[in-house]
$ cat coords.txt   # compact mmCIF, C-alpha atoms
# COMPACT_ATOMS: atom_id res chain seq x y z
CA MET A 211 8.10 6.29 -22.46
CA ASN A 212 10.32 8.62 -20.39
CA ILE A 213 8.80 11.70 -22.07
CA GLU A 214 5.89 11.58 -19.63
CA LYS A 215 6.49 13.39 -16.36
CA ILE A 216 4.82 13.69 -12.98
CA SER A 217 5.34 16.37 -10.37
CA GLY A 218 6.92 15.85 -6.97
CA VAL A 219 3.53 16.35 -5.33
CA GLN A 220 1.92 13.68 -7.50
CA LEU A 221 4.67 11.15 -6.73
CA PHE A 222 4.39 12.05 -3.05
CA TYR A 223 0.66 11.29 -3.15
CA ILE A 224 1.22 8.05 -5.07
CA MET A 225 3.81 6.73 -2.61
CA SER A 226 1.99 7.92 0.53
CA GLY A 227 -1.21 6.25 -0.66
CA TYR A 228 0.79 3.18 -1.67
CA ILE A 229 2.30 2.82 1.81
CA LEU A 230 -1.10 3.26 3.47
CA GLY A 231 -2.82 1.05 0.88
CA THR A 232 -4.53 -1.88 2.56
CA ALA A 233 -2.42 -1.50 5.72
CA ILE A 234 -4.65 1.29 7.05
CA ILE A 235 -7.68 -1.03 7.11
CA LEU A 236 -5.93 -4.03 8.62
CA GLY A 237 -4.43 -4.33 12.08
CA LEU A 238 -0.67 -4.08 11.65
CA GLY A 239 1.35 -5.63 14.45
CA GLN A 240 -1.47 -7.78 15.77
CA ASP A 241 0.99 -10.22 17.34
CA VAL A 242 2.33 -7.52 19.68
CA LYS A 243 -1.14 -6.26 20.60
CA GLN A 244 -1.02 -2.87 22.37
CA ASP A 245 2.58 -2.31 21.22
CA ALA A 246 1.49 -2.20 17.58
CA TRP A 247 2.25 1.52 17.35
CA ILE A 248 5.85 0.82 18.45
CA PHE A 249 5.98 -2.03 15.95
CA ILE A 250 4.96 0.36 13.15
CA THR A 251 7.36 3.06 14.36
CA LEU A 252 10.33 0.68 14.19
CA GLY A 253 9.16 -0.52 10.79
CA MET A 254 9.01 3.07 9.56
CA ILE A 255 12.59 3.68 10.73
CA GLY A 256 13.69 0.61 8.80
CA GLY A 257 11.71 1.85 5.82
CA LEU A 258 13.45 5.22 5.97
CA ILE A 259 16.83 3.47 5.81
CA LEU A 260 15.68 1.52 2.76
CA MET A 261 14.30 4.68 1.15
CA ALA A 262 17.66 6.40 1.70
CA VAL A 263 19.27 3.57 -0.27
CA TYR A 264 16.66 3.78 -3.06
CA THR A 265 17.01 7.53 -3.45
CA LYS A 266 20.81 7.33 -3.38
CA LEU A 267 20.75 4.81 -6.22
CA ALA A 268 18.35 7.05 -8.14
CA ILE A 269 20.80 9.93 -7.75
CA TYR A 270 23.71 7.78 -8.92
CA TYR A 271 21.71 6.52 -11.93
CA PRO A 272 19.47 9.45 -12.94
CA GLY A 273 16.87 8.60 -15.52
CA ASP A 274 17.03 4.84 -14.84
CA THR A 275 14.36 2.65 -13.31
CA LEU A 276 15.26 -0.33 -11.12
CA VAL A 277 15.17 -2.54 -14.21
CA GLN A 278 17.59 -0.28 -16.07
CA MET A 279 20.08 0.26 -13.26
CA LEU A 280 20.46 -3.37 -12.13
CA PRO A 281 22.48 -4.42 -15.23
CA LYS A 282 24.81 -1.46 -14.62
CA ILE A 283 25.32 -2.47 -10.99
CA ILE A 284 25.73 -6.25 -11.11
CA GLY A 285 26.05 -6.99 -14.84
CA LYS A 286 23.57 -8.17 -17.45
CA PHE A 287 23.60 -11.92 -16.84
CA LEU A 288 23.20 -11.69 -13.07
CA SER A 289 20.59 -8.94 -13.31
CA TYR A 290 18.12 -10.70 -15.60
CA PRO A 291 16.94 -13.32 -13.04
CA ILE A 292 16.60 -10.61 -10.39
CA ILE A 293 14.66 -8.34 -12.74
CA PHE A 294 12.37 -11.25 -13.62
CA LEU A 295 11.76 -11.94 -9.92
CA TYR A 296 10.91 -8.29 -9.28
CA ILE A 297 8.41 -8.30 -12.14
CA LEU A 298 6.84 -11.47 -10.72
CA HIS A 299 6.74 -9.84 -7.29
CA PHE A 300 5.01 -6.72 -8.60
CA THR A 301 2.49 -8.80 -10.54
CA TYR A 302 1.72 -11.16 -7.67
CA SER A 303 1.45 -8.30 -5.16
CA ALA A 304 -1.04 -6.51 -7.42
CA ALA A 305 -3.07 -9.72 -7.57
CA ARG A 306 -3.04 -10.08 -3.78
CA ALA A 307 -4.13 -6.47 -3.29
CA CYS A 308 -7.07 -7.04 -5.67
CA ARG A 309 -7.98 -10.24 -3.83
CA GLU A 310 -8.00 -8.35 -0.53
CA LEU A 311 -10.35 -5.76 -2.00
CA GLY A 312 -12.62 -8.43 -3.42
CA ALA A 313 -12.75 -10.29 -0.10
CA LEU A 314 -13.76 -7.15 1.77
CA ILE A 315 -16.39 -6.09 -0.77
CA ILE A 316 -18.17 -9.45 -1.01
CA THR A 317 -18.25 -9.89 2.77
CA THR A 318 -19.66 -6.45 3.52
CA ILE A 319 -21.83 -4.87 0.82
CA LEU A 320 -22.03 -7.25 -2.18
CA ASN A 321 -22.61 -10.64 -0.59
CA GLU A 322 -24.26 -12.21 -3.64
CA THR A 323 -21.79 -10.85 -6.19
CA PRO A 324 -19.10 -13.24 -7.50
CA ILE A 325 -15.67 -12.09 -6.45
CA ILE A 326 -14.41 -12.33 -10.02
CA VAL A 327 -16.89 -9.62 -11.04
CA VAL A 328 -15.61 -7.27 -8.33
CA ILE A 329 -11.94 -7.89 -9.13
CA GLY A 330 -12.47 -7.85 -12.90
CA SER A 331 -14.36 -4.55 -12.81
CA PHE A 332 -11.70 -2.95 -10.64
CA MET A 333 -8.92 -4.20 -12.93
CA LEU A 334 -10.64 -2.76 -16.00
CA LEU A 335 -10.82 0.62 -14.28
CA LEU A 336 -7.17 0.41 -13.27
CA ILE A 337 -5.99 -0.55 -16.76
CA TYR A 338 -8.07 2.23 -18.31
CA CYS A 339 -6.37 4.74 -16.02
CA LEU A 340 -2.83 3.45 -16.55
CA ARG A 341 -3.22 3.17 -20.33
CA GLY A 342 -3.34 6.97 -20.31
CA GLY A 343 0.23 6.94 -19.00
CA VAL A 344 1.90 7.86 -15.74
CA GLU A 345 0.71 11.46 -16.12
CA SER A 346 -2.94 10.38 -16.09
CA PHE A 347 -2.29 8.16 -13.08
CA GLY A 348 -0.55 11.01 -11.28
CA ARG A 349 -3.35 13.49 -11.99
CA LEU A 350 -6.03 11.06 -10.82
CA VAL A 351 -4.12 10.26 -7.63
CA GLU A 352 -3.76 14.01 -7.06
CA ILE A 353 -7.55 14.22 -7.05
CA VAL A 354 -8.43 11.16 -4.96
CA PHE A 355 -5.66 11.30 -2.33
CA PRO A 356 -7.17 14.32 -0.50
CA VAL A 357 -10.49 12.43 -0.44
CA TYR A 358 -8.68 9.47 1.10
CA ILE A 359 -7.08 11.63 3.81
CA PHE A 360 -10.35 13.46 4.52
CA SER A 361 -12.14 10.12 4.97
CA LEU A 362 -9.42 8.92 7.35
CA LEU A 363 -9.53 12.09 9.45
CA LEU A 364 -13.32 11.95 9.59
CA LEU A 365 -13.16 8.35 10.82
CA TRP A 366 -10.70 9.32 13.55
CA ILE A 367 -13.00 12.12 14.71
CA LEU A 368 -15.92 9.68 14.80
CA LEU A 369 -13.87 7.13 16.75
CA LEU A 370 -13.26 9.75 19.44
CA THR A 371 -17.02 9.75 20.10
CA VAL A 372 -17.15 6.03 20.90
CA ASP A 373 -17.92 5.42 24.59
CA GLN A 374 -15.36 2.59 24.77
CA PHE A 375 -12.53 4.87 23.60
CA ASN A 376 -9.77 4.63 26.20
CA VAL A 377 -6.06 5.34 25.66
CA LYS A 378 -5.31 3.10 28.65
CA ASN A 379 -5.81 0.21 26.23
CA LEU A 380 -2.29 1.05 25.00
CA THR A 381 -0.78 -0.09 28.29
CA PRO A 382 1.29 -1.89 29.42
CA ILE A 383 4.01 -0.77 27.01
CA PHE A 384 6.27 -3.66 25.96
CA GLY A 385 3.67 -5.97 27.43
CA GLU A 386 4.88 -8.83 25.24
CA GLY A 387 8.55 -8.07 25.93
CA VAL A 388 11.16 -6.05 24.02
CA LYS A 389 12.90 -8.96 22.27
CA PRO A 390 9.74 -10.48 20.69
CA LEU A 391 8.75 -6.99 19.51
CA LEU A 392 12.11 -6.43 17.81
CA ILE A 393 12.08 -9.87 16.19
CA LYS A 394 8.57 -9.41 14.79
CA THR A 395 9.42 -5.90 13.61
CA PHE A 396 12.38 -7.00 11.54
CA THR A 397 10.57 -10.01 10.11
CA ASN A 398 7.21 -8.38 9.41
CA SER A 399 6.86 -4.61 9.74
CA ILE A 400 9.89 -3.62 7.64
CA ASN A 401 8.67 -5.93 4.90
CA PHE A 402 5.00 -4.86 4.93
CA PRO A 403 4.22 -2.19 4.09
CA PHE A 404 7.49 -0.22 4.20
CA GLY A 405 9.79 -2.66 2.42
CA GLU A 406 7.44 -2.81 -0.56
CA SER A 407 8.26 0.83 -1.31
CA ILE A 408 11.00 -0.37 -3.69
CA VAL A 409 8.40 0.07 -6.43
CA ILE A 410 9.08 3.82 -6.17
CA MET A 411 12.27 3.18 -8.14
CA MET A 412 10.07 2.49 -11.17
CA PHE A 413 8.65 6.02 -10.84
CA PHE A 414 11.79 8.08 -10.22
CA PRO A 415 12.71 8.54 -13.93
CA PHE A 416 9.30 10.11 -14.55
CA LEU A 417 9.78 12.76 -11.86
CA SER A 418 9.88 16.20 -13.49
CA ASN A 419 12.40 17.63 -11.02
CA LYS A 420 15.07 15.08 -10.09
CA GLN A 421 16.35 17.32 -7.30
CA HIS A 422 13.25 16.41 -5.28
CA ILE A 423 13.87 12.64 -5.35
CA ARG A 424 15.10 12.29 -1.77
CA LYS A 425 12.60 14.81 -0.41
CA VAL A 426 9.66 13.04 -2.04
CA GLY A 427 10.79 9.55 -1.05
CA MET A 428 11.55 10.30 2.60
CA SER A 429 8.53 12.56 3.19
CA SER A 430 6.10 9.99 1.73
CA MET A 431 7.57 7.32 4.00
CA ILE A 432 7.27 9.57 7.05
CA LEU A 433 3.68 10.63 6.29
CA GLY A 434 2.56 7.07 5.59
CA GLY A 435 4.25 5.79 8.75
CA LEU A 436 2.84 8.52 11.00
CA LEU A 437 -0.70 7.99 9.73
CA LEU A 438 -0.39 4.25 10.32
CA ILE A 439 0.91 4.88 13.86
CA VAL A 440 -1.96 7.21 14.75
CA ASN A 441 -4.45 4.85 13.13
CA SER A 442 -3.24 1.90 15.22
CA ILE A 443 -3.49 4.00 18.38
CA MET A 444 -7.05 4.97 17.52
CA MET A 445 -8.11 1.39 16.78
CA ILE A 446 -6.54 -0.09 19.93
CA SER A 447 -8.06 2.68 22.05
CA VAL A 448 -11.51 1.75 20.73
CA VAL A 449 -11.55 -2.06 20.45
CA GLY A 450 -8.82 -2.98 22.94
CA ALA A 451 -5.63 -4.98 22.49
CA GLU A 452 -7.26 -8.41 22.48
CA ILE A 453 -9.80 -7.71 19.76
CA TYR A 454 -7.15 -5.80 17.81
CA SER A 455 -4.95 -8.89 17.82
CA LEU A 456 -7.71 -11.13 16.44
CA ASP A 457 -9.83 -9.03 14.08
CA ALA A 458 -8.70 -8.89 10.44
CA PHE A 459 -10.76 -5.79 9.55
CA THR A 460 -9.87 -3.81 12.65
CA LEU A 461 -10.76 -0.37 11.34
CA LEU A 462 -14.09 -1.66 10.06
CA SER A 463 -14.89 -3.21 13.45
CA ALA A 464 -13.97 0.00 15.26
CA THR A 465 -16.06 2.10 12.87
CA GLN A 466 -19.11 -0.11 13.43
CA MET A 467 -19.04 0.95 17.08
CA VAL A 468 -19.62 4.60 16.15
CA SER A 469 -23.04 5.97 17.06
CA VAL A 470 -23.56 9.74 17.15
CA ALA A 471 -26.58 10.64 19.27
CA ASP A 472 -28.08 7.21 18.46
CA PHE A 473 -28.88 8.65 15.05
CA LEU A 474 -25.78 8.71 12.83
CA GLU A 475 -24.50 5.17 12.46
CA ARG A 476 -23.19 2.70 9.86
CA PHE A 477 -20.12 4.57 8.64
CA ASP A 478 -18.87 1.35 7.05
CA ALA A 479 -19.08 3.03 3.64
CA LEU A 480 -16.14 5.26 4.57
CA VAL A 481 -13.99 2.22 5.31
CA ILE A 482 -15.04 0.60 2.03
CA LEU A 483 -14.18 3.82 0.18
CA MET A 484 -10.75 3.92 1.82
CA MET A 485 -10.11 0.28 0.94
CA VAL A 486 -11.02 0.88 -2.71
CA LEU A 487 -8.77 3.94 -2.90
CA GLY A 488 -5.99 2.19 -0.99
CA VAL A 489 -5.97 -0.76 -3.39
CA PHE A 490 -6.10 1.71 -6.28
CA PHE A 491 -2.85 3.26 -5.03
CA LYS A 492 -1.19 -0.05 -4.24
CA ALA A 493 -2.30 -2.22 -7.16
CA GLY A 494 -1.85 0.72 -9.53
CA ALA A 495 1.76 1.23 -8.47
CA PHE A 496 2.51 -2.50 -8.70
CA LEU A 497 0.82 -2.83 -12.09
CA PHE A 498 2.68 0.19 -13.43
CA GLY A 499 5.99 -1.12 -12.11
CA ALA A 500 5.45 -4.55 -13.69
CA ALA A 501 4.36 -3.06 -17.03
CA VAL A 502 7.31 -0.68 -17.25
CA GLY A 503 9.68 -3.44 -16.15
CA ILE A 504 8.48 -5.82 -18.88
CA SER A 505 8.60 -3.08 -21.51
CA GLN A 506 12.17 -2.15 -20.61
CA LEU A 507 13.35 -5.75 -20.23
CA PHE A 508 12.11 -6.72 -23.69
CA ARG A 509 12.76 -3.27 -25.22
CA LEU A 510 9.14 -2.61 -26.13
CA LYS A 511 8.14 0.86 -27.29
CA GLN A 512 4.94 1.13 -25.28
CA THR A 513 3.21 -0.38 -22.25
CA ARG A 514 -0.48 -0.39 -23.29
CA SER A 515 -0.48 -3.94 -24.64
CA VAL A 516 1.58 -5.05 -21.65
CA LEU A 517 -1.04 -3.63 -19.29
CA LEU A 518 -3.79 -5.60 -21.03
CA GLY A 519 -1.72 -8.77 -20.82
CA LEU A 520 -0.97 -8.23 -17.15
CA GLY A 521 -4.64 -7.56 -16.44
CA THR A 522 -5.66 -10.90 -17.94
CA ILE A 523 -3.06 -12.58 -15.73
CA ILE A 524 -3.72 -10.70 -12.49
CA VAL A 525 -7.47 -11.38 -12.33
CA PRO A 526 -7.22 -15.21 -12.34
CA LEU A 527 -4.01 -15.02 -10.28
CA SER A 528 -5.86 -13.07 -7.60
CA LEU A 529 -8.43 -15.86 -7.38
CA ILE A 530 -5.87 -18.64 -6.94
CA SER A 531 -3.56 -16.64 -4.64
CA ALA A 532 -5.70 -17.87 -1.74
CA SER A 533 -8.00 -20.86 -1.80
CA SER A 534 -10.46 -19.35 0.64
CA TYR A 535 -11.44 -16.18 2.43
CA VAL A 536 -9.89 -17.48 5.67
CA GLU A 537 -6.57 -18.09 3.93
CA THR A 538 -6.71 -14.61 2.44
CA LEU A 539 -7.04 -13.11 5.92
CA GLY A 540 -4.25 -15.31 7.24
CA ASN A 541 -1.81 -13.98 4.66
CA TRP A 542 -2.62 -10.33 5.06
CA ILE A 543 -0.41 -9.47 8.02
$ encode --input "coords.txt" --output "structure tokens"
Amino acid sequence: MNIEKISGVQLFYIMSGYILGTAIILGLGQDVKQDAWIFITLGMIGGLILMAVYTKLAIYYPGDTLVQMLPKIIGKFLSYPIIFLYILHFTYSAARACRELGALIITTILNETPIIVVIGSFMLLLIYCLRGGVESFGRLVEIVFPVYIFSLLLLWILLLTVDQFNVKNLTPIFGEGVKPLLIKTFTNSINFPFGESIVIMMFFPFLSNKQHIRKVGMSSMILGGLLLIVNSIMMISVVGAEIYSLDAFTLLSATQMVSVADFLERFDALVILMMVLGVFFKAGAFLFGAAVGISQLFRLKQTRSVLLGLGTIIVPLSLISASSYVETLGNWI
């Protein structure tokens, strides 16, 4: 399993896309309104500290995933429950990401399509990609990540044309107070999306050049954080702090306000494309981490059958992870 290798650039794309994931579509830091960009900045700093810890452990235990290094750190008996919890976390998070994608798709472009069809089709595509190994996943991400970034930059350019665009919407700074901002940062922003980057420890052993571990980890965290910061600034400048704090699909709502010369409109498809690609990065990383973790925990020689088993679990799990669309939105941020 460790024979397969990915380049530093491929892992950088995987982790950057993973951090952006669904967070780029949703309004991070809605509780702090116009201070959301500060909220994300503080979260990124916390994420960088966590990434420094992850990369240091990877340097101390070269060639080991999180599942393999935990028994060496805290002992076999104590590590098994923790490993099991991490596998459950990866599996459940993949299910939630798929549910988020399904909820967006059926409420925007496929209103009459059952959500299980959307999630099931996406999971089949994801399993097909991952069954080819981490190299196939890395090569595909290397192709689609530039498309993702191009779509995001194009959306930002379009948002600049909106008549309601006003950077004064970002004031007053610390409008909700400094203390509430710090409390919400440490309870929310560091956890999502930056704290979830622990899944990168399942990829480190597959990196072709181990000397680039810290560089790849820290740079992907910085790029993902900076893009989220700019994205929040763009969305608040367009829709305002109040709407930003209430709307679940903030980027979609902002994009719907775009009208170039009263002719070019309805750029919703770009947001849908970004959501699909974002969930591909996020759910793909979680699914890979869970599959590798199970294979290493039970000393299996391959992960293909594990991927199929996880797929049959994740699809129904995604449906019961939230009883309704409203509950799904409530658990996003």
$ closest_residue --input "coords.txt" --among "A:Ile229, A:Ile383, A:Leu437, A:Met485" --to "Asn401 in chain A" --atoms "only C-alpha atoms"
A:Ile229
$ closest_residue --input "coords.txt" --among "A:Gly343, A:Gly503, A:Gly450, A:Gly427" --to "Asn376 in chain A" --atoms "all atoms listed in the file"
A:Gly450
$ atom_distance --input "coords.txt" --atom1 "CA of Val468 in chain A" --atom2 "CA of Ile325 in chain A"
28.4 Å
$ atom_distance --input "coords.txt" --atom1 "CA of Leu311 in chain A" --atom2 "CA of Leu517 in chain A"
19.8 Å
$ closest_residue --input "coords.txt" --among "A:Ile446, A:Leu364, A:Ala479, A:Leu507" --to "Ser289 in chain A" --atoms "all atoms listed in the file"
A:Leu507
$ residues_around --input "coords.txt" --residues "range 291-294 of chain A" --least-positions-apart "4" --cutoff "9 Å" --atoms "all atoms listed in the file" --output "mmCIF file with C-alpha atoms, in the frame of the given file"
data_model
loop_
_atom_site.group_PDB
_atom_site.id
_atom_site.type_symbol
_atom_site.label_atom_id
_atom_site.label_comp_id
_atom_site.auth_asym_id
_atom_site.auth_seq_id
_atom_site.Cartn_x
_atom_site.Cartn_y
_atom_site.Cartn_z
ATOM 1 C CA LEU A 276 15.260 -0.330 -11.120
ATOM 2 C CA VAL A 277 15.170 -2.540 -14.210
ATOM 3 C CA LEU A 280 20.460 -3.370 -12.130
ATOM 4 C CA PHE A 287 23.600 -11.920 -16.840
ATOM 5 C CA LEU A 298 6.840 -11.470 -10.720
ATOM 6 C CA HIS A 299 6.740 -9.840 -7.290
ATOM 7 C CA GLY A 503 9.680 -3.440 -16.150
ATOM 8 C CA ILE A 504 8.480 -5.820 -18.880
ATOM 9 C CA LEU A 507 13.350 -5.750 -20.230
#
$ residues_around --input "coords.txt" --residues "range 259-264 of chain A" --least-positions-apart "2" --cutoff "12 Å" --atoms "all atoms listed in the file" --output "JSON, numbers by chain"
{"A": [225, 252, 253, 254, 255, 256, 257, 266, 267, 268, 269, 270, 271, 272, 274, 275, 276, 279, 400, 401, 404, 405, 406, 407, 408, 409, 410, 411, 412, 413, 414, 423, 424, 425, 426, 427, 428, 429, 430, 431, 432]}
$ atom_distance --input "coords.txt" --atom1 "CA of Ile523 in chain A" --atom2 "CA of Leu487 in chain A"
21.7 Å
$ residues_near_point --input "coords.txt" --point "(-1.8, 8.4, -0.2)" --cutoff "9 Å" --atoms "all atoms listed in the file" --output "list in words"
Phe222, Tyr223, Ile224, Met225, Ser226, Gly227, Tyr228, Ile229, Leu230, Gly231, Val351, Val354, Phe355, Pro356, Tyr358, Ile359, Ser430, Leu433, Gly434, Leu487, Gly488 and Phe491 of chain A
$ residues_around --input "coords.txt" --residues "Ser442 in chain A" --least-positions-apart "5" --cutoff "8 Å" --atoms "only C-alpha atoms" --output "MDAnalysis selection string"
chainID A and resid 237:238 246:247
$ residues_around --input "coords.txt" --residues "Gly494 in chain A" --least-positions-apart "4" --cutoff "9 Å" --atoms "only C-alpha atoms" --output "list of chain:residue names"
A:Tyr228, A:Ala304, A:Leu336, A:Ile337, A:Cys339, A:Leu340, A:Phe347, A:Val489, A:Phe490, A:Phe498, A:Gly499
$ closest_residue --input "coords.txt" --among "A:Gly348, A:Pro281, A:Pro382, A:Gly387" --to "Gln506 in chain A" --atoms "all atoms listed in the file"
A:Pro281
$ decode --input "coords.txt" --residues "range 254-270 of chain A" --atoms "N, CA and C atoms" --output "PDB file, in the first residue's frame"
ATOM      1  N   MET A 254      -7.288  30.310  11.102  1.00  0.00           N
ATOM      2  CA  MET A 254      -6.149  29.869  10.305  1.00  0.00           C
ATOM      3  C   MET A 254      -4.882  29.832  11.141  1.00  0.00           C
ATOM      4  N   ILE A 255      -4.696  30.806  12.023  1.00  0.00           N
ATOM      5  CA  ILE A 255      -3.517  30.814  12.897  1.00  0.00           C
ATOM      6  C   ILE A 255      -3.525  29.588  13.801  1.00  0.00           C
ATOM      7  N   GLY A 256      -4.702  29.275  14.358  1.00  0.00           N
ATOM      8  CA  GLY A 256      -4.818  28.062  15.157  1.00  0.00           C
ATOM      9  C   GLY A 256      -4.553  26.816  14.328  1.00  0.00           C
ATOM     10  N   GLY A 257      -5.018  26.825  13.091  1.00  0.00           N
ATOM     11  CA  GLY A 257      -4.787  25.699  12.193  1.00  0.00           C
ATOM     12  C   GLY A 257      -3.313  25.520  11.866  1.00  0.00           C
ATOM     13  N   LEU A 258      -2.592  26.631  11.732  1.00  0.00           N
ATOM     14  CA  LEU A 258      -1.158  26.550  11.463  1.00  0.00           C
ATOM     15  C   LEU A 258      -0.409  25.925  12.643  1.00  0.00           C
ATOM     16  N   ILE A 259      -0.857  26.237  13.852  1.00  0.00           N
ATOM     17  CA  ILE A 259      -0.239  25.629  15.039  1.00  0.00           C
ATOM     18  C   ILE A 259      -0.481  24.125  15.037  1.00  0.00           C
ATOM     19  N   LEU A 260      -1.715  23.731  14.720  1.00  0.00           N
ATOM     20  CA  LEU A 260      -2.024  22.303  14.649  1.00  0.00           C
ATOM     21  C   LEU A 260      -1.219  21.621  13.546  1.00  0.00           C
ATOM     22  N   MET A 261      -1.104  22.281  12.394  1.00  0.00           N
ATOM     23  CA  MET A 261      -0.355  21.693  11.289  1.00  0.00           C
ATOM     24  C   MET A 261       1.112  21.534  11.647  1.00  0.00           C
ATOM     25  N   ALA A 262       1.659  22.472  12.434  1.00  0.00           N
ATOM     26  CA  ALA A 262       3.046  22.348  12.883  1.00  0.00           C
ATOM     27  C   ALA A 262       3.228  21.090  13.725  1.00  0.00           C
ATOM     28  N   VAL A 263       2.212  20.786  14.537  1.00  0.00           N
ATOM     29  CA  VAL A 263       2.256  19.572  15.360  1.00  0.00           C
ATOM     30  C   VAL A 263       2.173  18.331  14.473  1.00  0.00           C
ATOM     31  N   TYR A 264       1.252  18.346  13.505  1.00  0.00           N
ATOM     32  CA  TYR A 264       1.085  17.197  12.608  1.00  0.00           C
ATOM     33  C   TYR A 264       2.372  16.902  11.837  1.00  0.00           C
ATOM     34  N   THR A 265       2.958  17.957  11.283  1.00  0.00           N
ATOM     35  CA  THR A 265       4.164  17.758  10.473  1.00  0.00           C
ATOM     36  C   THR A 265       5.353  17.320  11.333  1.00  0.00           C
ATOM     37  N   LYS A 266       5.412  17.818  12.564  1.00  0.00           N
ATOM     38  CA  LYS A 266       6.490  17.406  13.465  1.00  0.00           C
ATOM     39  C   LYS A 266       6.375  15.922  13.787  1.00  0.00           C
ATOM     40  N   LEU A 267       5.167  15.454  14.036  1.00  0.00           N
ATOM     41  CA  LEU A 267       4.956  14.032  14.292  1.00  0.00           C
ATOM     42  C   LEU A 267       5.323  13.196  13.063  1.00  0.00           C
ATOM     43  N   ALA A 268       4.984  13.715  11.884  1.00  0.00           N
ATOM     44  CA  ALA A 268       5.312  12.991  10.654  1.00  0.00           C
ATOM     45  C   ALA A 268       6.814  12.891  10.461  1.00  0.00           C
ATOM     46  N   ILE A 269       7.549  13.908  10.909  1.00  0.00           N
ATOM     47  CA  ILE A 269       9.010  13.878  10.810  1.00  0.00           C
ATOM     48  C   ILE A 269       9.594  12.893  11.823  1.00  0.00           C
ATOM     49  N   TYR A 270       9.003  12.852  13.018  1.00  0.00           N
ATOM     50  CA  TYR A 270       9.462  11.924  14.051  1.00  0.00           C
ATOM     51  C   TYR A 270       9.165  10.467  13.672  1.00  0.00           C
TER      52      TYR A 270
END
